[in-house]
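Visitor: What follows is a single structure, and I will ask about it in a moment.
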Amino acid sequence: MTLFGIEAARVAAAAAVVATYGGLCAAVALGERRKAAALAARGLALGGARDAQARPLLVVHASQTGAAEQLAWQAAHALHGSALPARVAALGTLAPADLAAAASVLLIASTCGEGDAPDSASPFVRRFMGDAPVESLAGVRYGLLALGDREFANYCAFGRTLDAWLAAHGARALFERIEVDCMDAQGLARWKHALGRLAGVGATLAWQEPERQAWRLARRTHLNPGSSGAPVFHLELEPPPGTLPAWEPGDLLRVRVPHAPDRPRDYSIASIPAEGRAHLLVRQERRADGSLGLASGWLTRDAAVGGVVLLDTLAHRNFRLGANAGRPLILIGNGTGIAGLRAHLSARASRAGARPRNWLVFGERQAAHDFHFRQDVERWHADGSITRLDLAFSRDQAAKHYVQDRLRAQPEAVREWLDDGAAVYVCGSLRGMAAGVEEALREIVGSERLEALIDEGRYRRDIY
Ligand SMILES: Cc1cc2nc3c(=O)[nH]c(=O)nc-3n(C[C@H](O)[C@H](O)[C@H](O)COP(=O)(O)OP(=O)(O)OC[C@H]3O[C@@H](n4cnc5c(N)ncnc54)[C@H](O)[C@@H]3O)c2cc1C
Ligand SMILES: Cc1cc2nc3c(=O)[nH]c(=O)nc-3n(C[C@H](O)[C@H](O)[C@H](O)COP(=O)(O)O)c2cc1C
């Protein structure tokens, strides 16, 4: 019997493989290995045949804000529960030989920017998906889930490109590419169904859904009355007593609003757990027809202060400090982008002992209305937590200037910080700011050095 081209015998044999989950969490890996050993024993008892050549399934993610990565872990756990051990890895850490070495590969690929690959995948894309010849992937069987958003012109572009690249190198699809718009629940159900068939258990594959908690909207403050820009609100959210999750600076809150619970919206967390609450900055979106954005409208106008907000925290590894903890940071952002930067600054300011330098470059329209978190910024600047501060209020003088112009005005300082090992964190709008900052950095350090910074994980972005 064939399940999407995978023989049932192989499914049983795969149970004999000890799972080695990719190096994200050693403790989980240990627990999973024990569980895999138990499954292996069960597999042998049930199936009998042991295939010494059996290789684990590889679950690969190409993720910008963490959704694809979360789905990869969810898939691995679910398959593991069905005796299909799986290893999880980020595409950017792999080479084609790793794909060729796996029995089968499941890929979850999101698209970011304007139809681009996620930053974390860029080493793979640059090295292997260009013109340079790569080894044949004949023999590789794969299933691909592409995440995207139909509002963008290049819907699921990276997932589609990856699918075409795999096929062009001889890999064979286990099932037709599945595309999911804005984490739509129906699309995800098709993916889960495909994996259930792959595991030979159909709809009974046990999925662990991310836990949605009922938090309380404790306070809402309109930050910029009189501003020429859209209203920005400071929201403070409290978890149920005793359940404060241990998020890290850089992480997101994934909010489900009443009119669109199946299409969650992400917001950068501006605080650290030691502050007791999740602080957000939410810009009230207004559409061309005058109506308010679904999530931002509900959060900033309709949700009752004291009422419930359904959400979960999302690990945003691309924007966490990770290996950059000991490095100086150049933190660049505009508008509500100060939220993601504030969380890093708050953590750095509360750190004991020797503290690496922090350079904040923040831009908005008018200092009088739009200098969000001004008190914190001034306090941290005064006590030395912010070593260097550049502000770009575009409408406070005749000639407009933006954060990228502040960088361009001092290329020597940017190079000196980078020579000293600094990592660059960019948070805020994709259009205008993020592209402008990238262009400025490219001018200042050159394309080769910028790409090296990406490969070393020293150029991190939380952009939207
Ligand atoms: C990683 C990440 C971090 C983020 N962090 C923040 C943050 O810290 N602060 C923040 O404010 N936002 C943040 N966002 C953006 C946030 O997630 C939402 O996208 C934003 O609040 C808009 O959502 P909405 O539901 O209000 O708007 P939607 O209702 O989704 O509308 C958004 C836009 O889509 C278009 N649109 C959609 N439907 C229609 C329609 N029926 N008619 C006409 N036009 C339509 C319009 O252009 C509209 O302006 C972040 C996003 C990401 C991905
Ligand atoms: C800044 C930004 C740019 C995006 N660009 C695209 C795009 O060009 N095409 C597309 O289909 N989806 C695009 N998306 C939608 C994402 O692919 C989608 O939200 C996905 O679920 C994100 O998965 P991730 O968290 O793993 O990165 C974009 C999302 C963001 C925040």
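Here, A, B, ... name the chains of the structure tokens in the order displayed, residue numbers run from 1 inside each chain, and ligands are numbered from 1 in the same displayed order.
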Write down as a PyMOL selection string the residues of range 66-193 of chain A whose backbone DSSP state falls under helix (DSSP H, G or I).
Guide: chain A and resi 67-81+91-93+96-101+119-128+157-168+185-193
Visitor: Give me, as an MDAnalysis selection string, the set of residues whose atoms come within 7 Å of any atom of ligand 2, counting only C-alpha atoms and all ligand atoms.
Guide: chainID A and resid 62:69 109:116 118 147:150 152:157 182:183 430 463:464
Visitor: Return as a PyMOL selection string the residues of protein, DNA or RNA that approach ligand 1 to within 7 Å, with only C-alpha atoms and all ligand atoms taken into account.
Guide: chain A and resi 65+252+265-269+280-289+292-297+336-337+339-340+462-464
Visitor: Quick one: distance from CA of Gly276 in chain A to CA of Val232 in chain A in Å, one decimal?
Guide: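 Interatomic distance, CA of Gly276 in chain A to CA of Val232 in chain A: 22.0 Å.
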